[in-house]
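This is protein-v2.pdb (PDB, C-alpha atoms).
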```
ATOM      1  CA  MET A  30      23.769 -37.053  18.795
ATOM      2  CA  THR A  31      26.751 -37.973  16.678
ATOM      3  CA  THR A  32      26.609 -37.268  12.990
ATOM      4  CA  ASP A  33      28.404 -38.492   9.918
ATOM      5  CA  ARG A  34      29.926 -35.728   7.873
ATOM      6  CA  ASP A  35      28.199 -34.926   4.626
ATOM      7  CA  ILE A  36      30.511 -35.858   1.762
ATOM      8  CA  HIS A  37      29.132 -32.909  -0.200
ATOM      9  CA  GLU A  38      30.345 -30.360   2.332
ATOM     10  CA  PRO A  39      33.734 -29.350   3.767
ATOM     11  CA  PRO A  40      34.670 -31.005   7.078
ATOM     12  CA  GLU A  41      35.586 -27.898   9.046
ATOM     13  CA  LEU A  42      32.117 -27.041  10.358
ATOM     14  CA  ALA A  43      31.325 -27.752  13.983
ATOM     15  CA  ALA A  44      28.173 -29.782  14.620
ATOM     16  CA  ASP A  45      25.502 -27.518  16.128
ATOM     17  CA  ALA A  46      28.144 -25.234  17.631
ATOM     18  CA  ALA A  47      30.143 -22.262  16.431
ATOM     19  CA  VAL A  48      33.846 -22.646  15.851
ATOM     20  CA  ASP A  49      36.141 -20.500  17.966
ATOM     21  CA  ALA A  50      36.819 -17.925  15.245
ATOM     22  CA  PRO A  51      34.221 -17.815  12.460
ATOM     23  CA  ARG A  52      35.711 -16.725   9.161
ATOM     24  CA  THR A  53      34.801 -13.275   7.916
ATOM     25  CA  ASP A  54      36.074 -13.387   4.339
ATOM     26  CA  PRO A  55      33.422 -15.088   2.175
ATOM     27  CA  GLN A  56      35.926 -15.630  -0.652
ATOM     28  CA  SER A  57      38.513 -17.553   1.364
ATOM     29  CA  ASP A  58      37.978 -21.100   0.112
ATOM     30  CA  ASP A  59      34.595 -21.065  -1.601
ATOM     31  CA  THR A  60      35.630 -19.575  -4.942
ATOM     32  CA  ALA A  61      35.632 -23.065  -6.436
ATOM     33  CA  ALA A  62      31.884 -23.184  -5.847
ATOM     34  CA  ILE A  63      31.191 -20.517  -8.475
ATOM     35  CA  ALA A  64      28.197 -21.623 -10.548
ATOM     36  CA  GLY A  65      27.429 -19.763 -13.755
ATOM     37  CA  ALA A  66      29.434 -17.203 -15.652
ATOM     38  CA  SER A  67      26.635 -14.640 -15.307
ATOM     39  CA  GLN A  68      27.343 -14.171 -11.610
ATOM     40  CA  SER A  69      30.438 -12.527 -10.195
ATOM     41  CA  PRO A  70      32.953 -14.524  -8.136
ATOM     42  CA  ASP A  71      32.029 -12.405  -5.117
ATOM     43  CA  GLU A  72      28.355 -13.263  -5.463
ATOM     44  CA  ALA A  73      29.042 -16.951  -6.047
ATOM     45  CA  ALA A  74      31.335 -17.051  -3.035
ATOM     46  CA  MET A  75      28.694 -15.443  -0.856
ATOM     47  CA  ARG A  76      26.087 -17.961  -2.040
ATOM     48  CA  ALA A  77      28.379 -20.792  -1.066
ATOM     49  CA  TRP A  78      29.269 -19.040   2.183
ATOM     50  CA  GLU A  79      25.583 -18.715   3.106
ATOM     51  CA  GLY A  80      24.761 -22.257   1.979
ATOM     52  CA  LEU A  81      22.330 -21.073  -0.720
ATOM     53  CA  PRO A  82      21.451 -22.952  -3.937
ATOM     54  CA  PRO A  83      23.770 -22.273  -6.914
ATOM     55  CA  ASP A  84      21.097 -20.431  -8.924
ATOM     56  CA  THR A  85      20.238 -18.029  -6.100
ATOM     57  CA  MET A  86      20.434 -14.294  -6.822
ATOM     58  CA  ILE A  87      21.951 -12.142  -4.085
ATOM     59  CA  LEU A  88      19.934  -8.922  -4.170
ATOM     60  CA  ALA A  89      21.489  -7.379  -1.060
ATOM     61  CA  PRO A  90      24.305  -6.698  -0.655
ATOM     62  CA  ALA A  91      24.195  -5.684  -4.308
ATOM     63  CA  PHE A  92      26.784  -7.241  -6.609
ATOM     64  CA  ALA A  93      24.929  -6.025  -9.716
ATOM     65  CA  PRO A  94      21.805  -3.996 -10.493
ATOM     66  CA  PRO A  95      18.761  -6.001  -9.383
ATOM     67  CA  PRO A  96      16.189  -7.299 -11.870
ATOM     68  CA  MET A  97      13.363  -4.865 -12.528
ATOM     69  CA  ARG A  98      11.024  -7.363 -14.227
ATOM     70  CA  CYS A  99      10.316 -11.065 -13.992
ATOM     71  CA  PRO A 100      11.596 -12.734 -17.180
ATOM     72  CA  ASP A 101       8.938 -13.719 -19.731
ATOM     73  CA  ASP A 102       9.133 -17.411 -18.793
ATOM     74  CA  VAL A 103       9.060 -16.776 -15.037
ATOM     75  CA  TRP A 104       6.121 -16.357 -12.680
ATOM     76  CA  ALA A 105       7.845 -14.856  -9.630
ATOM     77  CA  MET A 106      10.930 -14.806  -7.420
ATOM     78  CA  LEU A 107      10.901 -17.081  -4.397
ATOM     79  CA  VAL A 108      12.345 -15.338  -1.347
ATOM     80  CA  THR A 109      15.136 -17.675  -0.249
ATOM     81  CA  ALA A 110      16.888 -15.888   2.618
ATOM     82  CA  ILE A 111      16.720 -12.579   4.487
ATOM     83  CA  ASP A 112      18.928 -11.252   7.257
ATOM     84  CA  ILE A 113      18.147  -7.901   8.877
ATOM     85  CA  VAL A 114      20.707  -6.533  11.348
ATOM     86  CA  GLY A 115      19.153  -6.351  14.812
ATOM     87  CA  ASP A 116      19.503  -4.130  17.820
ATOM     88  CA  ALA A 117      22.621  -5.978  18.964
ATOM     89  CA  ASP A 118      24.511  -3.761  16.504
ATOM     90  CA  PRO A 119      22.982  -0.282  17.027
ATOM     91  CA  ASP A 120      25.111   1.316  14.317
ATOM     92  CA  ARG A 121      23.687  -1.060  11.696
ATOM     93  CA  ALA A 122      20.265  -1.886  13.150
ATOM     94  CA  GLY A 123      17.695  -2.335  10.385
ATOM     95  CA  GLU A 124      20.317  -2.743   7.668
ATOM     96  CA  VAL A 125      19.662  -5.479   5.114
ATOM     97  CA  ALA A 126      22.629  -7.814   5.493
ATOM     98  CA  LEU A 127      21.236 -10.434   3.097
ATOM     99  CA  PHE A 128      18.318 -10.680   0.691
ATOM    100  CA  ALA A 129      18.299 -13.544  -1.809
ATOM    101  CA  GLY A 130      15.833 -15.218  -4.153
ATOM    102  CA  ASN A 131      15.314 -17.771  -6.899
ATOM    103  CA  TRP A 132      13.200 -17.526 -10.035
ATOM    104  CA  VAL A 133      10.119 -19.767 -10.138
ATOM    105  CA  ALA A 134       8.925 -20.631 -13.650
ATOM    106  CA  ASP A 135       5.418 -21.905 -12.898
ATOM    107  CA  GLN A 136       2.979 -20.863 -10.220
ATOM    108  CA  PRO A 137       2.754 -23.816  -7.815
ATOM    109  CA  PRO A 138      -0.514 -24.700  -6.117
ATOM    110  CA  PRO A 139      -0.730 -22.950  -2.727
ATOM    111  CA  ASP A 140      -1.494 -26.245  -0.973
ATOM    112  CA  SER A 141       0.007 -27.601   2.222
ATOM    113  CA  LEU A 142       3.211 -28.578   0.417
ATOM    114  CA  TYR A 143       3.904 -24.922  -0.463
ATOM    115  CA  ASP A 144       2.262 -23.258   2.515
ATOM    116  CA  GLY A 145       4.527 -20.501   3.810
ATOM    117  CA  ASP A 146       6.379 -19.826   0.553
ATOM    118  CA  LEU A 147       6.890 -16.097  -0.039
ATOM    119  CA  VAL A 148       7.386 -14.656  -3.521
ATOM    120  CA  VAL A 149       7.756 -11.261  -5.167
ATOM    121  CA  CYS A 150       6.457 -10.409  -8.633
ATOM    122  CA  LEU A 151       8.180  -7.620 -10.580
ATOM    123  CA  SER A 152       6.228  -5.869 -13.319
ATOM    124  CA  HIS A 153       6.040  -2.719 -15.447
ATOM    125  CA  PRO A 154       4.616   0.238 -13.522
ATOM    126  CA  ALA A 155       0.837  -0.003 -13.880
ATOM    127  CA  ASN A 156       0.341   3.743 -13.622
ATOM    128  CA  ARG A 157       0.633   5.073 -17.189
ATOM    129  CA  ARG A 158       1.239   8.548 -15.801
ATOM    130  CA  TYR A 159       4.469   7.357 -14.189
ATOM    131  CA  PRO A 160       7.348   9.445 -15.615
ATOM    132  CA  LEU A 161       9.221   7.961 -18.531
ATOM    133  CA  PRO A 162      11.366   5.989 -18.980
ATOM    134  CA  ARG A 163       9.426   3.383 -17.012
ATOM    135  CA  ASP A 164      12.081   0.731 -17.672
ATOM    136  CA  HIS A 165      13.968   2.090 -14.668
ATOM    137  CA  ALA A 166      11.029   1.535 -12.289
ATOM    138  CA  THR A 167       9.120  -1.516 -11.123
ATOM    139  CA  ASP A 168       5.922  -2.440  -9.343
ATOM    140  CA  VAL A 169       6.507  -5.076  -6.660
ATOM    141  CA  GLU A 170       3.809  -7.425  -5.402
ATOM    142  CA  MET A 171       4.549  -9.772  -2.480
ATOM    143  CA  LEU A 172       2.497 -12.972  -2.173
ATOM    144  CA  LEU A 173       2.338 -15.598   0.573
ATOM    145  CA  ALA A 174       1.011 -19.137   0.143
ATOM    146  CA  TYR A 175      -1.380 -19.333   3.072
ATOM    147  CA  GLN A 176      -4.417 -21.512   3.733
ATOM    148  CA  GLY A 177      -4.817 -22.641   0.152
ATOM    149  CA  ARG A 178      -4.377 -19.247  -1.513
ATOM    150  CA  TRP A 179      -1.640 -16.984  -2.781
ATOM    151  CA  GLN A 180      -2.436 -13.962  -0.655
ATOM    152  CA  ARG A 181      -1.063 -10.470  -1.207
ATOM    153  CA  VAL A 182       0.905  -9.293   1.819
ATOM    154  CA  GLY A 183       2.613  -6.258   0.286
ATOM    155  CA  GLN A 184       2.538  -4.001  -2.765
ATOM    156  CA  TRP A 185       4.790  -1.138  -3.891
ATOM    157  CA  HIS A 186       4.493   1.055  -6.986
ATOM    158  CA  GLY A 187       7.157   2.757  -9.072
ATOM    159  CA  LEU A 188      10.236   1.656  -7.106
ATOM    160  CA  ASP A 189      13.739   2.268  -8.409
ATOM    161  CA  ASP A 190      16.626  -0.211  -8.340
ATOM    162  CA  GLY A 191      16.810   0.106  -4.562
ATOM    163  CA  TRP A 192      13.630  -1.975  -4.223
ATOM    164  CA  PRO A 193      15.307  -4.978  -2.523
ATOM    165  CA  SER A 194      16.265  -2.881   0.508
ATOM    166  CA  LEU A 195      12.788  -1.343   0.647
ATOM    167  CA  VAL A 196      10.825  -4.605   0.634
ATOM    168  CA  ALA A 197      13.255  -6.830   2.586
ATOM    169  CA  SER A 198      12.060  -5.781   6.051
ATOM    170  CA  THR A 199       8.453  -6.573   5.177
ATOM    171  CA  ALA A 200       9.474  -9.941   3.784
ATOM    172  CA  ALA A 201      11.415 -10.754   6.964
ATOM    173  CA  VAL A 202       8.443  -9.883   9.161
ATOM    174  CA  VAL A 203       6.045 -11.949   7.023
ATOM    175  CA  MET A 204       8.345 -14.987   7.026
ATOM    176  CA  GLY A 205       8.847 -14.762  10.779
ATOM    177  CA  LEU A 206       5.189 -14.293  11.644
ATOM    178  CA  ASP A 207       4.009 -17.007   9.273
ATOM    179  CA  GLY A 208       6.541 -19.492  10.630
ATOM    180  CA  ASP A 209       5.584 -18.781  14.226
ATOM    181  CA  ALA A 210       1.861 -18.911  13.476
ATOM    182  CA  THR A 211       2.093 -22.153  11.529
ATOM    183  CA  GLU A 212       4.092 -23.879  14.242
ATOM    184  CA  ALA A 213       1.769 -22.648  16.992
ATOM    185  CA  ALA A 214      -1.362 -23.678  15.082
ATOM    186  CA  ILE A 215      -0.117 -27.201  14.479
ATOM    187  CA  TRP A 216       0.922 -27.701  18.090
ATOM    188  CA  SER A 217      -2.373 -26.331  19.399
ATOM    189  CA  GLU A 218      -4.391 -28.851  17.380
ATOM    190  CA  THR A 219      -2.410 -31.947  18.342
ATOM    191  CA  PRO A 220      -1.085 -33.671  21.436
ATOM    192  CA  PRO A 221       2.598 -33.255  22.312
ATOM    193  CA  PRO A 222       4.965 -35.650  20.500
ATOM    194  CA  SER A 223       5.794 -37.452  23.750
ATOM    195  CA  THR A 224       2.177 -38.642  24.044
ATOM    196  CA  SER A 225       1.398 -39.110  20.363
ATOM    197  CA  PRO A 226       1.319 -42.637  18.914
ATOM    198  CA  PRO A 227       4.662 -42.805  17.108
ATOM    199  CA  LEU A 228       3.282 -43.853  13.725
ATOM    200  CA  ILE A 229       0.465 -41.298  13.441
ATOM    201  CA  LYS A 230       1.489 -38.432  11.171
ATOM    202  CA  TRP A 231      -0.134 -35.380  12.709
ATOM    203  CA  ALA A 232       2.179 -32.746  11.167
ATOM    204  CA  ARG A 233       0.031 -31.575   8.256
ATOM    205  CA  GLY A 234       1.651 -31.261   4.857
ATOM    206  CA  GLY A 235       5.347 -30.706   4.444
ATOM    207  CA  ILE A 236       7.585 -33.568   5.441
ATOM    208  CA  ALA A 237       4.592 -35.767   6.307
ATOM    209  CA  GLU A 238       3.656 -35.721   2.615
ATOM    210  CA  LEU A 239       7.213 -36.631   1.612
ATOM    211  CA  LEU A 240       7.016 -39.531   4.065
ATOM    212  CA  ASP A 241       3.717 -40.737   2.641
ATOM    213  CA  ALA A 242       5.204 -40.623  -0.870
ATOM    214  CA  GLY A 243       8.295 -42.582   0.162
ATOM    215  CA  LEU A 244      10.641 -39.760  -0.791
ATOM    216  CA  VAL A 245      12.045 -39.642   2.749
ATOM    217  CA  THR A 246      12.048 -42.199   5.539
ATOM    218  CA  ALA A 247      11.848 -41.951   9.298
ATOM    219  CA  GLY A 248      15.288 -41.640  10.864
ATOM    220  CA  GLU A 249      16.932 -39.947   7.880
ATOM    221  CA  GLU A 250      19.339 -37.180   8.817
ATOM    222  CA  LEU A 251      19.209 -33.625   7.480
ATOM    223  CA  VAL A 252      21.906 -30.981   7.719
ATOM    224  CA  TRP A 253      21.993 -27.188   7.442
ATOM    225  CA  ASN A 254      25.536 -25.931   6.968
ATOM    226  CA  ARG A 255      26.049 -22.252   7.782
ATOM    227  CA  ARG A 256      29.607 -21.492   6.709
ATOM    228  CA  ASN A 257      29.318 -17.843   7.609
ATOM    229  CA  LEU A 258      28.832 -18.806  11.255
ATOM    230  CA  GLY A 259      30.982 -21.935  11.183
ATOM    231  CA  VAL A 260      27.946 -23.962  12.296
ATOM    232  CA  ARG A 261      26.516 -27.280  11.161
ATOM    233  CA  HIS A 262      22.933 -27.933  12.313
ATOM    234  CA  THR A 263      21.521 -31.440  12.146
ATOM    235  CA  ALA A 264      18.024 -32.856  12.404
ATOM    236  CA  ARG A 265      16.303 -36.201  11.963
ATOM    237  CA  ILE A 266      12.939 -37.010  10.453
ATOM    238  CA  ARG A 267      10.555 -38.680  12.858
ATOM    239  CA  ALA A 268       7.881 -41.224  11.950
ATOM    240  CA  ASP A 269       5.144 -38.710  12.764
ATOM    241  CA  GLY A 270       6.375 -36.176  10.190
ATOM    242  CA  THR A 271       8.191 -33.870  12.615
ATOM    243  CA  LEU A 272      11.845 -32.871  12.836
ATOM    244  CA  ILE A 273      13.949 -33.412  15.937
ATOM    245  CA  LEU A 274      17.067 -31.296  16.353
ATOM    246  CA  ALA A 275      20.327 -32.425  17.899
ATOM    247  CA  ASP A 276      19.370 -30.786  21.210
ATOM    248  CA  GLY A 277      16.089 -32.698  21.362
ATOM    249  CA  ARG A 278      13.715 -29.902  20.335
ATOM    250  CA  VAL A 279      10.891 -31.059  18.059
ATOM    251  CA  PHE A 280       9.275 -28.990  15.309
ATOM    252  CA  ALA A 281       6.237 -29.607  13.174
ATOM    253  CA  ASN A 282       7.890 -28.285  10.023
ATOM    254  CA  PRO A 283      11.292 -27.136   8.734
ATOM    255  CA  CYS A 284      10.246 -23.475   8.979
ATOM    256  CA  GLY A 285       9.933 -23.736  12.753
ATOM    257  CA  ALA A 286      13.286 -25.493  12.939
ATOM    258  CA  THR A 287      15.189 -22.900  10.895
ATOM    259  CA  THR A 288      13.595 -20.050  12.830
ATOM    260  CA  ALA A 289      14.534 -21.630  16.155
ATOM    261  CA  LEU A 290      18.096 -22.189  15.002
ATOM    262  CA  GLY A 291      18.247 -18.462  14.647
ATOM    263  CA  GLY A 292      19.570 -15.495  12.812
ATOM    264  CA  ASN A 293      18.267 -14.870   9.338
ATOM    265  CA  HIS A 294      14.968 -15.985   7.842
ATOM    266  CA  GLN A 295      15.362 -18.912   5.468
ATOM    267  CA  ASN A 296      12.963 -20.539   3.069
ATOM    268  CA  ARG A 297      12.410 -23.736   5.015
ATOM    269  CA  TRP A 298      12.722 -26.008   1.999
ATOM    270  CA  ASN A 299      16.098 -24.741   0.788
ATOM    271  CA  ALA A 300      17.948 -24.745   4.116
ATOM    272  CA  PHE A 301      18.098 -28.425   5.012
ATOM    273  CA  ARG A 302      19.819 -31.068   2.870
ATOM    274  CA  ARG A 303      19.559 -34.812   3.177
ATOM    275  CA  VAL A 304      22.907 -36.175   4.305
ATOM    276  CA  SER A 305      22.678 -39.356   2.206
ATOM    277  CA  ASP A 306      22.658 -37.605  -1.176
ATOM    278  CA  GLY A 307      22.891 -33.832  -0.592
ATOM    279  CA  ARG A 308      19.421 -33.134  -1.997
ATOM    280  CA  THR A 309      17.501 -30.259  -0.466
ATOM    281  CA  LEU A 310      13.974 -30.684   0.803
ATOM    282  CA  ASP A 311      12.979 -28.370  -2.052
ATOM    283  CA  HIS A 312      14.342 -30.865  -4.606
ATOM    284  CA  LEU A 313      12.295 -33.601  -2.969
ATOM    285  CA  ARG A 314       9.214 -31.373  -2.901
ATOM    286  CA  THR A 315       9.638 -30.660  -6.626
ATOM    287  CA  GLU A 316       9.829 -34.392  -7.325
ATOM    288  CA  LEU A 317       6.622 -34.973  -5.386
ATOM    289  CA  ARG A 318       4.892 -32.223  -7.334
ATOM    290  CA  ALA A 319       6.025 -33.839 -10.626
ATOM    291  CA  ARG A 320       4.641 -37.183  -9.489
ATOM    292  CA  ARG A 321       1.293 -35.553  -8.851
ATOM    293  CA  GLY A 322       1.292 -34.063 -12.337
ATOM    294  CA  HIS A 323       1.312 -30.397 -11.251
TER     295      HIS A 323
END
```
For this file, produce the structure as structure tokens.
Amino acid sequence: MTTDRDIHEPPELAADAAVDAPRTDPQSDDTAAIAGASQSPDEAAMRAWEGLPPDTMILAPAFAPPPMRCPDDVWAMLVTAIDIVGDADPDRAGEVALFAGNWVADQPPPDSLYDGDLVVCLSHPANRRYPLPRDHATDVEMLLAYQGRWQRVGQWHGLDDGWPSLVASTAAVVMGLDGDATEAAIWSETPPPSTSPPLIKWARGGIAELLDAGLVTAGEELVWNRRNLGVRHTARIRADGTLILADGRVFANPCGATTALGGNHQNRWNAFRRVSDGRTLDHLRTELRARRGH
């Protein structure tokens, strides 16, 4: 499938294939993408290198001490991306290569539009007997939007500023298992796309809801640029609410697509951008939520 280059992104990325020599210096030509004086050039360059939103915090590798509390006007931190080094590199296996998140001001409804979102809440240590000063410790609660509820999937008490490395592995496992389970459940309840009537939206929630609202249309192209790998992944929205990748694989939701495309675990809504205007699926989801008055 041929693709038009996204005018919002540099032209050097290969479509759905790695370039011969992926760059290893994340500061090479992304320094211009620095967003916000509060973040270091190194952190901003890595955000751009990983294709993450401008307001994303890189928690690991650490460019600054991590937050130990959610700000007063914030509900939680949305886990945006995690990359745990695998067994292919025995010397670094299990190392947290990337852990990133974004603040979420209001608690969204855990309905089908947000199903699969993973957040962490940072709070003062609840145990009053915890040694002072407690400002240097945090309680971490991990919640997953699943089947209409925000369900606790992890909890840690009295962690120091190394908490991102301690909770990242659990977050990666939860994101991976939830993505696999969601994809498998949807496929098991519906006929294969090749035999489905083309205009029946059987993919519950997600992109199907954006289609119903007119925020996306069938045939629109999405792109996931991964500068760190020199790869540009493309997908198209089908009339039944699924995504079809350039190699013909079909997925019921963007989580399944990002997982299949490999490597790190990505929040499904922040990875793909619409080619026509550069908006992420998360931006479109936020607009739909505003229309519904949430």
Extract, using only C-alpha atoms, all DNA, RNA and protein residues at most 9 Å from Pro283 in chain A, discarding same-chain residues fewer than 5 positions from it, and format them as a PyMOL selection string.
chain A and resi 235-236+271-272+288+296-298+300-301
For this structure, which residues satisfy the selection - the PyMOL selection byres ((chain A and resi 181) around 6) - when it is evaluated on the file as given? I want them as a PyMOL selection string.
chain A and resi 171-172+180+182-183
Would you mind listing what lies within 8 Å of range 115-131 of chain A as a list of chain:residue names, with only C-alpha atoms counted and same-chain residues fewer than 3 positions away left out?
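In the requested form, the answer reads A:Asp84, A:Thr85, A:Met86, A:Ile87, A:Leu88, A:Ala89, A:Pro90, A:Met106, A:Leu107, A:Val108, A:Thr109, A:Ala110, A:Ile111, A:Asp112, A:Pro193, A:Ser194, A:Ala197, A:Ser198.
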What does the distance from CA of Val202 in chain A to CA of Val148 in chain A come to in Å, to one decimal?
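Going from CA of Val202 in chain A over to CA of Val148 in chain A covers 13.6 Å.
CA of Arg261 in chain A sits 25.5 Å away from CA of Tyr143 in chain A.
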Give me the residues within 9 Å of Arg267 in chain A as a ChimeraX atom specification, counting only C-alpha atoms and dropping any in the same chain fewer than 2 places off.
/A:227-228,246-249,265,269-273
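Distances from A:Arg318, A:Arg278, A:His262, A:Arg178 to Arg303 in chain A were compared using only C-alpha atoms, and the smallest one belongs to A:His262.
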When you draw a straight line from CA of Gly205 in chain A to CA of Gly259 in chain A, how long is it in Å?
23.3 Å
Between A:Ala275, A:Ala155, A:Ile266, A:Met75, single out the one closest to Leu239 in chain A, counting only C-alpha atoms.
A:Ile266
